[in-house]
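I have placed the structure first, in the form of structure tokens, so that the comments after it can refer back to it.
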Amino acid sequence: MFRTALRNVLAHKARLLMTVLAVTLGVAFVSGTLVFTDTLKKSLSGQSAKSYEGIAVSVTSYGQGRNEQGEKEGEPGLGQQTLDKIKALPGVDTVSGRVSGFAGVGDENGKLIGSGWSNQGANYTPVKDGKDPRYAFAQGAGPAKADEVALDKATADKGNYKVGDKVRVATNGPVKEYSLAGVFTTEDGAVQAGGSLVLFETKVAQELYLKPGYFQELSVAAKNGTSADKLLADIKPLLDKNAKAQTGAALAAEQAKQIEKGLSNLSTMLLVFAGISLFVGIFLIYNTFTMLVTQRTKELALLRAVGANRGQVMRSVLTEALVVGFLSAAVGLVSGVGLAIGIRSVIGSLGAKLPGGALVIAPGTVTAALVIGVVVTTVAALVPAWRTGRIAPVAAMGSAHLPATSKSLLVRNILGSIISLGGIGLVFLGVSTGGNSGRMTMGAGAFFMLIGMIVLLPLLSKPVIGAVRPLLQKLFGIPGKLASQNAVRNPRRTAVTAASLAIGLTLVTTLSVLGITVGKVVDRMSTEKLKADYRVSMSSDAGSLDKSVAETLSKAPGIKAVSPQTAGYFLVDGDFRAASGVNPATIGQLLNVEVLSGSLDSLGKGEVAVAEKTAKKQKFTVGTPIKLKYDDGQEASVKVGAIYKDMEGLLSPYVIDNKILAEHSEEMYIPEVYVNVDGGASKAAQQKVVDALGKNPAITVATQQDMRNEMGGMINTMLNIMYGLLGMALIISVLGVVNTLAMSVFERTQEIGMLRAIGLDRGRVKNMIRLEAVVISLFGAVLGVAIGVFLAWAVGTTIAKSMPNYELILPWDRIGIFLLLAAVVGVLAAMWPARSAARLNMLTAIKTE
């Protein structure tokens, strides 16, 4: 029986090719993901360990903490006194202090080099022989004066900078020019991620990023013979409660865990899409083996007649599945390694420098590929194999086709109805529950809905396809009528073929509707709530603007209104509350704040404005006194001067005068400054704002359209990634349609010969096959789109409360494209089967059994 199974695999190579491709794609995605993430994890962990070489103990400060009364306590960092105490310990060789923060370098055109979030600045700390062991200088040396900096080699090359050149560097304040003292190479993660690294003299870096005389981190090297654990035990008593000491080895291990955790999210997302593809592939495999078994009914019956029992026949079919699964897994594993190499190349072409190293093909990856390929194929072939064992030899030899009985379809329809109704019920329960728990319930409901739909598809196929039969007959004549009849001749096969398309388009439609809807909400927020001509912020949201930005703009000619948007907080009745600091005189010109009661003019009198939801929750009205405790510990009683409609994303629940926040804060965190110019927005006006800020490369001056594009671009990028990942599932769906039609043509060889004999020419035979493919594809697509819209509505209701002006939008243009693509899929999938059908010799076909 084993030899028979192998011969059957070799005899049906073309028919099993689609199955091999489907499983290969899924396995390639899984193994490629595992190889890529394992390789990246090992490389990054090695890089992290290398960065801690020679560091026995690392001490990190978390800055000032707060006591139970909300008052700040402790030092802002690790002071020189702490450094000296640690340096005096026996066994300590060297101690170096580190400070770091954002620093952006402009190229010759004033544009920022590198990505904003990964553009870093740090201090250069010589420890021995006037050198810092973290950096190897290719040219020049480290900065020794306040007006000197050093750049990483990649940044220096991009900006065409050489030692001695003047370099424009921006932190969060005005841009400054420094003399380039040296160019170095480094394994720093920010540089590897495509950013830049600027080294300053230590005192300059402390002034920029912390406070003079303080460090964020201390790196301690031990003398020969001194253990890191002994040194750690000696250092801990010297630290306050806002500082933490760890051995370099422990810190490297901790970072390795964080790297693994971060990569697990990427890995999980990719594996989910691989799982979807494999799930879709199950339908193709099931269909293939069902049709192969049906076509070999007489052959299998003959085996039964000559002595093979049910178990042997079943095992022969499962052996075929095992062989196909193993072959697919092996090819998928090799393809996955190639995919991992491709992913590295693509990321490298985008500017990110992934650490080098050999590919990691772990035993677990090989095992996973083989198990997935074999198990998926075998599970999908179980039902056809089980049905094979139930065929009675005499009955089978008398009939080439054994259609499903009405009883089996009745049981299937009842089961499908129960599962579908249960899934719909869970979705509505999730809608009523809301929040994250509601979305989890909804996810379970969506899963059961899809399963129920798959089970019910044979029942749905006849009425749905029957409804379009008159239209097909009217437009395409006899080929249209025959195509619609053929599509529902075997409802199980049609259902399985359409299911794969339905699943893919359900996910695509859900994501599209939600993405477009959220994008429109953000767009309306920009146009309706924001009146400012420009928003000034750090590039890539790299931190806080300096207070000098607003001061400079308010004095610049042609600037009509300026309001820095300060992010702060204070204690209200013992609880920390987020607050926005604004300019009371200009905020009404820059933001369209809908005041429900009171007046924003009250902000200038030292009063506070409160958002509607917060006011209702706290039972505040205009005139209600609120006891506040500011960042510096001072308390005050402030009246509510206005209640406004919530502006999430633009204003915090509490709004107060910037001057008051500044009086009670050591440092102001200013994420953005809103600006209006004389004469309204224009390119010339935008350039005036840029010029007023000294053409600072680290600062972005965005128009309202830029802000809309920023959010819309993020949403479109996410959608495009999702479309790309789900595209693999749709490719498998195409293979399923091709497979179904090819099998269908094979089964109907005699019938097609008869049709040719009575006058149906080759062109109309091709049209019949094409239309059958289009009908099946559109049947699955319409169901997928309908379920996708329903799920998008359900998910949207759970986020509507947190997004003002949320209103579900159906992107009819994209839905139309999805349906058009489904029809194109049908046409393309039918090319080979239609050509095969049209080329059949009618006399030979008529004689075929």
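So you can find residues: chains in the structure tokens are A, B, ... in the order shown, residues in each start at 1, and ligands are numbered from 1 in order.
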
Per residue of region 476-556 of chain A within 9 Å of region 767-783 of chain A, which atom pair is closest and at what distance in Å (one decimal), using only C-alpha atoms, listed by chain and increasing number, as a tab-separated table?
```
residue	atom	partner	partner_atom	distance
A:Phe476	CA	A:Asn767	CA	8.3
A:Ile478	CA	A:Met768	CA	8.2
A:Pro479	CA	A:Met768	CA	4.5
A:Gly480	CA	A:Met768	CA	6.2
A:Lys481	CA	A:Met768	CA	8.4
A:Leu482	CA	A:Met768	CA	6.6
A:Ala483	CA	A:Glu772	CA	4.5
A:Ser484	CA	A:Glu772	CA	6.3
A:Gln485	CA	A:Glu772	CA	8.6
A:Asn486	CA	A:Glu772	CA	6.9
A:Ala487	CA	A:Glu772	CA	5.7
A:Thr494	CA	A:Ile776	CA	6.5
A:Ala495	CA	A:Gly780	CA	8.2
A:Thr497	CA	A:Ile776	CA	7.4
A:Ala498	CA	A:Gly780	CA	4.3
A:Ala499	CA	A:Gly780	CA	6.0
A:Ser500	CA	A:Gly780	CA	7.6
A:Leu501	CA	A:Gly780	CA	5.4
A:Ala502	CA	A:Gly780	CA	4.5
A:Ile503	CA	A:Gly780	CA	8.3
A:Gly504	CA	A:Ala781	CA	8.6
A:Leu505	CA	A:Ala781	CA	6.2
A:Thr506	CA	A:Leu783	CA	7.9
```

| Residue list (strand (DSSP E or B), DSSP) for region 504-617 of chain A, as a ChimeraX atom specification | /A:530,534-538,545,559-572,575-582,591,595-598,608-611

Neighbours of region 597-603 of chain A within 8 Å (only C-alpha atoms; same-chain residues fewer than 2 positions away dropped), as a PDB file with N, CA, C and O atoms, in the first residue's frame?
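Written output follows (part-v7.pdb):
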```pdb
ATOM      1  N   PRO A 584      -3.315  82.153  27.077  1.00  0.00           N
ATOM      2  CA  PRO A 584      -4.736  82.532  27.125  1.00  0.00           C
ATOM      3  C   PRO A 584      -5.124  83.579  26.087  1.00  0.00           C
ATOM      4  O   PRO A 584      -6.248  83.584  25.592  1.00  0.00           O
ATOM      5  N   ALA A 585      -4.188  84.440  25.727  1.00  0.00           N
ATOM      6  CA  ALA A 585      -4.509  85.536  24.811  1.00  0.00           C
ATOM      7  C   ALA A 585      -4.678  85.068  23.371  1.00  0.00           C
ATOM      8  O   ALA A 585      -5.363  85.726  22.586  1.00  0.00           O
ATOM      9  N   GLY A 588      -7.561  80.899  21.553  1.00  0.00           N
ATOM     10  CA  GLY A 588      -8.815  80.917  20.798  1.00  0.00           C
ATOM     11  C   GLY A 588      -8.615  81.145  19.322  1.00  0.00           C
ATOM     12  O   GLY A 588      -9.459  80.769  18.502  1.00  0.00           O
ATOM     13  N   VAL A 595     -16.549  76.090  23.838  1.00  0.00           N
ATOM     14  CA  VAL A 595     -16.785  76.353  25.270  1.00  0.00           C
ATOM     15  C   VAL A 595     -18.265  76.148  25.571  1.00  0.00           C
ATOM     16  O   VAL A 595     -19.131  76.772  24.957  1.00  0.00           O
ATOM     17  N   LYS A 605      -6.887  84.986  34.113  1.00  0.00           N
ATOM     18  CA  LYS A 605      -7.070  85.399  35.514  1.00  0.00           C
ATOM     19  C   LYS A 605      -6.587  84.323  36.491  1.00  0.00           C
ATOM     20  O   LYS A 605      -6.843  84.411  37.690  1.00  0.00           O
ATOM     21  N   GLY A 606      -5.927  83.297  35.956  1.00  0.00           N
ATOM     22  CA  GLY A 606      -5.412  82.247  36.829  1.00  0.00           C
ATOM     23  C   GLY A 606      -6.385  81.118  37.091  1.00  0.00           C
ATOM     24  O   GLY A 606      -6.118  80.254  37.932  1.00  0.00           O
ATOM     25  N   GLU A 607      -7.508  81.110  36.368  1.00  0.00           N
ATOM     26  CA  GLU A 607      -8.481  80.028  36.557  1.00  0.00           C
ATOM     27  C   GLU A 607      -8.174  78.875  35.598  1.00  0.00           C
ATOM     28  O   GLU A 607      -7.284  78.981  34.752  1.00  0.00           O
ATOM     29  N   VAL A 608      -8.915  77.783  35.725  1.00  0.00           N
ATOM     30  CA  VAL A 608      -8.630  76.582  34.956  1.00  0.00           C
ATOM     31  C   VAL A 608      -9.847  76.205  34.113  1.00  0.00           C
ATOM     32  O   VAL A 608     -10.991  76.425  34.535  1.00  0.00           O
ATOM     33  N   ALA A 609      -9.610  75.694  32.916  1.00  0.00           N
ATOM     34  CA  ALA A 609     -10.693  75.172  32.074  1.00  0.00           C
ATOM     35  C   ALA A 609     -10.668  73.647  32.168  1.00  0.00           C
ATOM     36  O   ALA A 609      -9.595  73.039  32.195  1.00  0.00           O
ATOM     37  N   VAL A 622     -18.828  75.872  36.464  1.00  0.00           N
ATOM     38  CA  VAL A 622     -18.088  77.137  36.452  1.00  0.00           C
ATOM     39  C   VAL A 622     -18.192  77.790  37.827  1.00  0.00           C
ATOM     40  O   VAL A 622     -19.285  77.947  38.377  1.00  0.00           O
ATOM     41  N   GLY A 641     -12.967  78.149  35.434  1.00  0.00           N
ATOM     42  CA  GLY A 641     -13.385  79.318  34.678  1.00  0.00           C
ATOM     43  C   GLY A 641     -14.146  78.986  33.408  1.00  0.00           C
ATOM     44  O   GLY A 641     -14.856  79.831  32.860  1.00  0.00           O
ATOM     45  N   ALA A 642     -14.004  77.733  32.930  1.00  0.00           N
ATOM     46  CA  ALA A 642     -14.685  77.337  31.693  1.00  0.00           C
ATOM     47  C   ALA A 642     -14.773  75.816  31.626  1.00  0.00           C
ATOM     48  O   ALA A 642     -13.926  75.100  32.167  1.00  0.00           O
ATOM     49  N   ILE A 643     -15.833  75.364  30.974  1.00  0.00           N
ATOM     50  CA  ILE A 643     -15.982  73.935  30.675  1.00  0.00           C
ATOM     51  C   ILE A 643     -16.110  73.821  29.162  1.00  0.00           C
ATOM     52  O   ILE A 643     -16.937  74.498  28.544  1.00  0.00           O
ATOM     53  N   TYR A 644     -15.242  72.988  28.560  1.00  0.00           N
ATOM     54  CA  TYR A 644     -15.199  72.897  27.098  1.00  0.00           C
ATOM     55  C   TYR A 644     -15.422  71.459  26.648  1.00  0.00           C
ATOM     56  O   TYR A 644     -15.241  70.511  27.407  1.00  0.00           O
ATOM     57  N   ILE A 656      -4.604  75.298  31.626  1.00  0.00           N
ATOM     58  CA  ILE A 656      -4.227  76.395  32.516  1.00  0.00           C
ATOM     59  C   ILE A 656      -3.236  77.295  31.791  1.00  0.00           C
ATOM     60  O   ILE A 656      -2.678  76.918  30.745  1.00  0.00           O
ATOM     61  N   ASP A 657      -3.011  78.461  32.316  1.00  0.00           N
ATOM     62  CA  ASP A 657      -2.074  79.419  31.727  1.00  0.00           C
ATOM     63  C   ASP A 657      -0.651  78.854  31.787  1.00  0.00           C
ATOM     64  O   ASP A 657      -0.215  78.330  32.809  1.00  0.00           O
TER      65      ASP A 657
END
```

| task | Would you mind listing what lies within 9 Å of Val337 (chain A) as a VMD selection string, with only C-alpha atoms counted and same-chain residues fewer than 5 positions away left out? | result | chain A and resid 28 31 to 33 35 to 36 332 342 359 361

So that I can check the surroundings of Ser264 (chain A), please list as a PDB file with C-alpha atoms, in the first residue's frame every protein, DNA and RNA residue that reaches within 12 Å of it, counting only C-alpha atoms and ignoring chain neighbours fewer than 5 positions away.
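Final output, saved to out14.pdb:
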```pdb
ATOM      1  CA  THR A  33       9.998  34.647  10.361  1.00  0.00           C
ATOM      2  CA  LEU A  34      11.725  32.314  12.847  1.00  0.00           C
ATOM      3  CA  PHE A  36      14.969  36.248  10.732  1.00  0.00           C
ATOM      4  CA  THR A  37      13.984  36.904  14.355  1.00  0.00           C
ATOM      5  CA  ASP A  38      16.431  34.304  15.725  1.00  0.00           C
ATOM      6  CA  LEU A  40      18.357  39.355  14.676  1.00  0.00           C
ATOM      7  CA  LYS A  41      18.010  38.348  18.330  1.00  0.00           C
ATOM      8  CA  LYS A 257      15.572  39.679  27.324  1.00  0.00           C
ATOM      9  CA  GLN A 258      14.172  43.062  26.322  1.00  0.00           C
ATOM     10  CA  ILE A 259      15.379  42.499  22.750  1.00  0.00           C
ATOM     11  CA  MET A 269       2.388  39.433  14.045  1.00  0.00           C
ATOM     12  CA  LEU A 270       4.163  37.673  11.170  1.00  0.00           C
ATOM     13  CA  LEU A 271       3.254  34.222  12.496  1.00  0.00           C
ATOM     14  CA  VAL A 272      -0.415  35.249  12.762  1.00  0.00           C
TER      15      VAL A 272
END
```

| message | Calculated over only C-alpha atoms, which of the candidates A:Gln139, A:Ser580, A:Ser637, A:Thr82 has the smallest distance to Leu238 (chain A)? | response |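 With only C-alpha atoms as the atom set, the closest residue is A:Thr82.
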
| Nearest residue to Lys131 (chain A) from the set A:Ala144, A:Leu821, A:Val508, A:Leu730 (distances using only C-alpha atoms) |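 So, comparing all the options, the nearest one is A:Ala144.
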
| For Val374 (chain A): contacts at 10 Å, only C-alpha atoms, fewer than 3 positions along chain excluded, given as a list in words |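 Residues near the query, excluding close chain neighbours: Val23, Ala321, Leu322, Val323, Val324, Gly325, Phe326, Leu327, Ser328, Ala329, Ala330, Ala368, Ala369, Leu370, Val371, Thr377, Thr378 and Val379 of chain A.
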
| query | Can you list, as JSON, numbers by chain, every protein, DNA or RNA residue that comes within 9 Å of Val95 (chain A) when you count only C-alpha atoms, leaving out same-chain residues fewer than 2 positions away? | reply | {"A": [83, 84, 86, 87, 92, 93, 97, 127, 218, 219, 220, 221]}

How would the residues just picked look written out with N, CA and C atoms as a PDB file, in the first residue's frame?
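The file below, part-v6.pdb, is the result:
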```
ATOM      1  N   LEU A  83      30.321  59.760  42.241  1.00  0.00           N
ATOM      2  CA  LEU A  83      31.342  59.201  41.356  1.00  0.00           C
ATOM      3  C   LEU A  83      32.669  59.061  42.100  1.00  0.00           C
ATOM      4  N   ASP A  84      33.023  60.085  42.873  1.00  0.00           N
ATOM      5  CA  ASP A  84      34.304  60.055  43.598  1.00  0.00           C
ATOM      6  C   ASP A  84      34.303  58.967  44.666  1.00  0.00           C
ATOM      7  N   ILE A  86      32.640  56.126  44.616  1.00  0.00           N
ATOM      8  CA  ILE A  86      32.772  54.822  43.953  1.00  0.00           C
ATOM      9  C   ILE A  86      34.209  54.629  43.461  1.00  0.00           C
ATOM     10  N   LYS A  87      34.803  55.693  42.943  1.00  0.00           N
ATOM     11  CA  LYS A  87      36.167  55.617  42.419  1.00  0.00           C
ATOM     12  C   LYS A  87      37.169  55.284  43.513  1.00  0.00           C
ATOM     13  N   VAL A  92      38.266  49.166  42.328  1.00  0.00           N
ATOM     14  CA  VAL A  92      37.760  49.944  41.196  1.00  0.00           C
ATOM     15  C   VAL A  92      38.936  50.450  40.374  1.00  0.00           C
ATOM     16  N   ASP A  93      38.905  50.178  39.083  1.00  0.00           N
ATOM     17  CA  ASP A  93      39.956  50.644  38.190  1.00  0.00           C
ATOM     18  C   ASP A  93      39.613  52.026  37.644  1.00  0.00           C
ATOM     19  N   GLY A  97      31.303  58.691  33.741  1.00  0.00           N
ATOM     20  CA  GLY A  97      29.908  59.114  33.794  1.00  0.00           C
ATOM     21  C   GLY A  97      29.350  59.357  32.404  1.00  0.00           C
ATOM     22  N   VAL A 127      38.852  57.784  29.714  1.00  0.00           N
ATOM     23  CA  VAL A 127      39.132  57.153  31.010  1.00  0.00           C
ATOM     24  C   VAL A 127      40.599  56.769  31.160  1.00  0.00           C
ATOM     25  N   LEU A 218      26.744  55.645  35.415  1.00  0.00           N
ATOM     26  CA  LEU A 218      28.158  55.477  35.705  1.00  0.00           C
ATOM     27  C   LEU A 218      28.580  54.074  35.281  1.00  0.00           C
ATOM     28  N   SER A 219      29.679  53.981  34.556  1.00  0.00           N
ATOM     29  CA  SER A 219      30.236  52.685  34.155  1.00  0.00           C
ATOM     30  C   SER A 219      31.503  52.441  34.953  1.00  0.00           C
ATOM     31  N   VAL A 220      31.548  51.330  35.682  1.00  0.00           N
ATOM     32  CA  VAL A 220      32.651  51.032  36.597  1.00  0.00           C
ATOM     33  C   VAL A 220      33.438  49.832  36.080  1.00  0.00           C
ATOM     34  N   ALA A 221      34.737  50.016  35.902  1.00  0.00           N
ATOM     35  CA  ALA A 221      35.627  48.909  35.512  1.00  0.00           C
ATOM     36  C   ALA A 221      36.390  48.434  36.734  1.00  0.00           C
TER      37      ALA A 221
END
```

| field | Selected residue, from A:Lys230, A:His664, A:Lys50, A:Arg762, that lies nearest to Gly91 (chain A) when counting only C-alpha atoms | value |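 Distance minimum relative to Gly91 (chain A) lands on A:Lys230.
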